[in-house]
Each structure stands twice: as structure tokens, then as C-alpha cells.
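A short write-up of the structure that comes next.
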Amino acid sequence: MIVPLNESTNDFMEDLLLLSDELAKILGLSLVIPINCIVSLTGILANVLNVIILSKLDFNQSMSYGTMTLSLTDLTVSCLQLTSEILYILHYVLDDSVIDFMSLSTLPIGWMRYTGLNISGWITALIATERCFCVVIPFHVKRLCTRPLYITALVAIYCVYFGFVIPVIILERFTWQPLPADNYNATVHYVLTVAVDDTIVTLEKLLDSVCVFGFALLSQIVLLVSTICMVSALRETARVRTSTDSCSTHRESTLGRSSLSVKEKRLIRVAVWLAVVMFVCSIPRYICVAFFAVIPTEIAERNISLTNFLVDVSDIFININSFSTFIVYFSLHENFKNMFYKLFCSA
């Protein structure tokens, strides 16, 4: 039996405070902000190394443009995240500042940061798709994945996402807003903040849902499907090779034994790990967007500290995703590892 909410219940829900401002400040300064700063700096260093090493490797393949663009995008995301954390610190340290550092960090910079994250997801999906084509249809991949077509796809990914986000950033204009005067001081103070009204809030929720649950989730599906198809094709090729060898002189010794080459095994590990890391690091962001979409606007405004805290926690995983490509490439890509040792560890 469903009991309708009465007026007192609605008032209770609107006044419900899930996380106090003081507790959010303590958790932010002692835990979330330091972790995000460390992870952001790690992401900047890792992606700078990515760019340096990839620039020294072979650029004849179109996939190289994807990996380089992915590293530059992740580098931008890490830099924006570090800038956001610095603004958070300034917000807490400079309480009487005439600049609203919190709004600057969460709105325009936050939108650009999440745009970079979504672009990174689609570039990863594009790279995985080309790897899948190389395995499934190797004789047609050079005709389908030409360099101009690959660059056009990268430019299209950037244009689509910036086409969504730039209007929102323009609408979130900076203006001087008066602060409410207290009983002890009748002087009206002004603060430079981001002007946000109900229309912009509704537009933000719509675009956030479209970009995250629409385009971002679609990129995860493309990445997953491409990875599964590539792994299945490689295993089928290995099975056929094993059967062929079994019919020849080494029938008994090779029967039932995988004939995946070292290069094929390495390719599978790289693809699977990139897909897993991308998906796992995106889960907290999906949870945040679902939470913001379901919770009423009045409760969200009342619990702004909780919403900011949840976003900050999801940012940790975003930063981890930004530098994970360096770890995967270094661990599983021999040419990448050898170039790293040659550039930075040679005597």
C-alpha cells in the first residue's frame, strides 16, 4: 500500500541534511583534496611521459594518432583537476574573498573536466575498434581505417562534446552578486560568482544525463563489444592454427594447447585491461549522475555539501583513469617500455 506524502513529510524531506558543511569541510581538506592533488600530479607526470615516449615511437599507423590524442586529453583532464583542487583550497582558506572559488571550480572547470573525460572514453573506444578491425578483417583495415578518416573521427568527437558544453559555459556567466547583510553589519558586500538560474540547472541536468548516460555509456558499450570481438577472433584464429598443426606431424603434442602468439596475448591483455579500468573508474561518476537525476532539486540544494563531496570522490577515480594508460602500456607494451628505458634510464 502506498501512503501519499503529506505536507509535514515534504517539509521534512526538504529540510533533510545528510552531510553538514563542517563535516564536508573536514573530509575535503583532510582526505579528498589531498588524494585528488596527488593523483592529479601523478596523472600529469604519467601523461607527459606518454606524450614524450609516443612521439619517439612509430607514427606511421593511424592508431598512433589516437594514442597520442588520448594522452593529450588525459593530460588536460589532470591539469583541470589539479586547478579545481587548488580552487577548492582557496575557497576554504580565503573565506572572505570577493571571488567565489567554489563556483568557478565546480561549474565551468568542472564541465570542461568531464567533457575531457567523455572525450577520452570515446578515443579509447575508437582505438579498441581499430584494433578489433585489425584482427577481424585484417585485409580491409587499411581501406577502412585510413589516416584522414581517423583524424576526422577524432575531430568529430571533440566537436560533438564541445558543441554540447560550450553553450552551458557561456550561459554560466560571471556576475557580481550581493551577499545578504547580517544584523551587525548593514553594508552590502558583493562576490564574483557564476550566475545560475532554474533554466540553467534544468539544462545542466539534461546535458549531464545525455552526455553521461547517453554518449559516455555508449562509448563503454562500443569499447566492450570491440574488445570481446577482438578476443574471440584471436582465440578462433588460435584454435584454427592448433587444429592445423594437430593434423600435421605434431598432432599429439599440440592438441589442446593454445597457439596464441606472444604478440596476440599481449594485445589481448592491453585491450582487456584498458576496457576494465575505463569501466571501473566510470562507475562512481554514473552513480553520482543517477543520484542527482533522482533526488529532488530542493533536497539537492539543501545538501549541496553532500553533492560536492560525492563529485569529489568520483573525481578520484577519474584521475586514476587518466594515468592508467601509462601503467598499462608500460606493463604490456614492449616497445613503449624499451623507449622509456632508453630515454630515462640509459647511462
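Ordering of the C-alpha cells sets the chain letters (A, B, ...), residue numbers begin anew at 1 in every chain, and ligands are numbered from 1 in the order given.
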Excluding segment 97-109 of chain A and any residue of its chain fewer than 2 positions from it, enumerate the residues within 10 Å of it, using only C-alpha atoms, and give them as a PyMOL selection string. chain A and resi 77+80-81+83-95+111-115+165-166+168-170+172-174+176-177+189-196+204+308+311-312
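Our summary of the geometry notes that atom CA of Val51 of chain A is positioned 27.7 Å from atom CA of Val225 of chain A.
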Which of segment 64-297 of chain A end up as strand (DSSP E or B) when DSSP is run on this backbone - answer as a tab-separated table (two decimals) with all heavy atoms, in the first residue's frame?
chain	number	residue	atom	x	y	z
A	99	ILE	N	35.89	36.56	-4.61
A	99	ILE	CA	35.74	35.61	-5.72
A	99	ILE	C	35.18	34.30	-5.17
A	99	ILE	O	35.69	33.78	-4.16
A	99	ILE	CB	37.08	35.36	-6.43
A	99	ILE	CG1	37.63	36.66	-7.00
A	99	ILE	CG2	36.91	34.33	-7.55
A	99	ILE	CD1	38.99	36.51	-7.65
A	174	PHE	N	29.89	34.98	-15.38
A	174	PHE	CA	30.33	35.53	-14.10
A	174	PHE	C	29.70	36.89	-13.88
A	174	PHE	O	29.74	37.76	-14.76
A	174	PHE	CB	31.86	35.64	-14.06
A	174	PHE	CG	32.54	34.36	-13.67
A	174	PHE	CD1	32.90	33.44	-14.63
A	174	PHE	CD2	32.80	34.08	-12.34
A	174	PHE	CE1	33.52	32.26	-14.27
A	174	PHE	CE2	33.41	32.90	-11.98
A	174	PHE	CZ	33.78	32.00	-12.94
A	175	THR	N	29.12	37.08	-12.71
A	175	THR	CA	28.50	38.36	-12.36
A	175	THR	C	28.78	38.66	-10.89
A	175	THR	O	29.10	37.77	-10.10
A	175	THR	CB	26.98	38.33	-12.58
A	175	THR	OG1	26.41	37.27	-11.77
A	175	THR	CG2	26.62	38.11	-14.03
A	176	TRP	N	28.63	39.93	-10.55
A	176	TRP	CA	28.77	40.36	-9.15
A	176	TRP	C	27.41	40.21	-8.48
A	176	TRP	O	26.44	40.85	-8.87
A	176	TRP	CB	29.26	41.80	-9.06
A	176	TRP	CG	30.69	41.95	-9.48
A	176	TRP	CD1	31.14	42.33	-10.71
A	176	TRP	CD2	31.85	41.73	-8.68
A	176	TRP	NE1	32.52	42.35	-10.73
A	176	TRP	CE2	32.98	41.99	-9.49
A	176	TRP	CE3	32.05	41.35	-7.36
A	176	TRP	CZ2	34.27	41.88	-9.02
A	176	TRP	CZ3	33.34	41.22	-6.89
A	176	TRP	CH2	34.43	41.48	-7.70
A	177	GLN	N	27.34	39.36	-7.47
A	177	GLN	CA	26.10	39.12	-6.74
A	177	GLN	C	26.22	39.65	-5.32
A	177	GLN	O	27.26	39.48	-4.67
A	177	GLN	CB	25.78	37.62	-6.70
A	177	GLN	CG	25.58	36.99	-8.07
A	177	GLN	CD	24.28	37.42	-8.69
A	177	GLN	OE1	23.33	37.80	-8.00
A	177	GLN	NE2	24.21	37.38	-10.01
A	178	PRO	N	25.16	40.31	-4.80
A	178	PRO	CA	25.23	40.82	-3.42
A	178	PRO	C	25.07	39.70	-2.41
A	178	PRO	O	24.31	38.75	-2.61
A	178	PRO	CB	24.03	41.78	-3.37
A	178	PRO	CG	23.08	41.25	-4.38
A	178	PRO	CD	23.91	40.64	-5.48
A	179	LEU	N	25.83	39.81	-1.33
A	179	LEU	CA	25.70	38.88	-0.21
A	179	LEU	C	24.69	39.45	0.79
A	179	LEU	O	24.62	40.66	0.99
A	179	LEU	CB	27.05	38.67	0.48
A	179	LEU	CG	28.11	37.91	-0.31
A	179	LEU	CD1	29.42	37.87	0.48
A	179	LEU	CD2	27.65	36.50	-0.63
A	189	HIS	N	27.90	43.49	0.70
A	189	HIS	CA	29.12	43.04	0.05
A	189	HIS	C	28.76	42.27	-1.22
A	189	HIS	O	27.72	41.61	-1.30
A	189	HIS	CB	29.93	42.13	0.99
A	189	HIS	CG	30.43	42.84	2.21
A	189	HIS	ND1	31.57	43.61	2.20
A	189	HIS	CD2	29.93	42.91	3.47
A	189	HIS	CE1	31.77	44.11	3.42
A	189	HIS	NE2	30.78	43.70	4.20
A	190	TYR	N	29.65	42.36	-2.20
A	190	TYR	CA	29.44	41.69	-3.48
A	190	TYR	C	30.52	40.64	-3.68
A	190	TYR	O	31.67	40.81	-3.24
A	190	TYR	CB	29.45	42.69	-4.63
A	190	TYR	CG	28.24	43.59	-4.67
A	190	TYR	CD1	28.19	44.74	-3.90
A	190	TYR	CD2	27.15	43.27	-5.47
A	190	TYR	CE1	27.07	45.56	-3.92
A	190	TYR	CE2	26.03	44.09	-5.51
A	190	TYR	CZ	26.00	45.23	-4.73
A	190	TYR	OH	24.90	46.04	-4.76
A	191	VAL	N	30.16	39.56	-4.36
A	191	VAL	CA	31.09	38.48	-4.64
A	191	VAL	C	30.97	38.13	-6.12
A	191	VAL	O	29.87	38.12	-6.69
A	191	VAL	CB	30.80	37.24	-3.76
A	191	VAL	CG1	29.40	36.71	-4.01
A	191	VAL	CG2	31.84	36.16	-3.99
A	192	LEU	N	32.11	37.86	-6.75
A	192	LEU	CA	32.14	37.46	-8.15
A	192	LEU	C	31.86	35.97	-8.23
A	192	LEU	O	32.68	35.15	-7.80
A	192	LEU	CB	33.50	37.78	-8.77
A	192	LEU	CG	33.65	37.49	-10.27
A	192	LEU	CD1	32.68	38.33	-11.09
A	192	LEU	CD2	35.09	37.75	-10.72
A	193	THR	N	30.72	35.59	-8.77
A	193	THR	CA	30.31	34.20	-8.81
A	193	THR	C	29.65	33.88	-10.14
A	193	THR	O	29.50	34.75	-11.00
A	193	THR	CB	29.33	33.89	-7.66
A	193	THR	OG1	29.05	32.48	-7.64
A	193	THR	CG2	28.05	34.69	-7.81
A	194	VAL	N	29.28	32.62	-10.30
A	194	VAL	CA	28.64	32.17	-11.53
A	194	VAL	C	27.13	32.32	-11.38
A	194	VAL	O	26.55	31.83	-10.41
A	194	VAL	CB	29.00	30.71	-11.84
A	194	VAL	CG1	28.29	30.24	-13.10
A	194	VAL	CG2	30.50	30.55	-11.99
Using only C-alpha atoms, which of the listed residues (A:Leu31, A:Leu117, A:Val262, A:Leu218) sits closest to Thr76 of chain A?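 The answer is A:Leu117, which sits nearest to Thr76 of chain A.
What separates atom CA of Phe323 of chain A from atom CA of Leu27 of chain A is a distance of 24.4 Å.
When only C-alpha atoms are used to measure the gap to Leu217 of chain A, the shortest distance among A:Val276, A:Leu149, A:Ile26, A:Ile283 belongs to A:Ile283.
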At what distance in Å, to one decimal, does atom CA of Trp273 of chain A lie from atom CA of Arg239 of chain A? 23.0 Å
Tell me which protein, DNA and RNA residues are within 7 Å of Ile320 of chain A, counting only C-alpha atoms, leaving out same-chain ones fewer than 4 positions away, and put them as a PyMOL selection string. chain A and resi 39+316+324
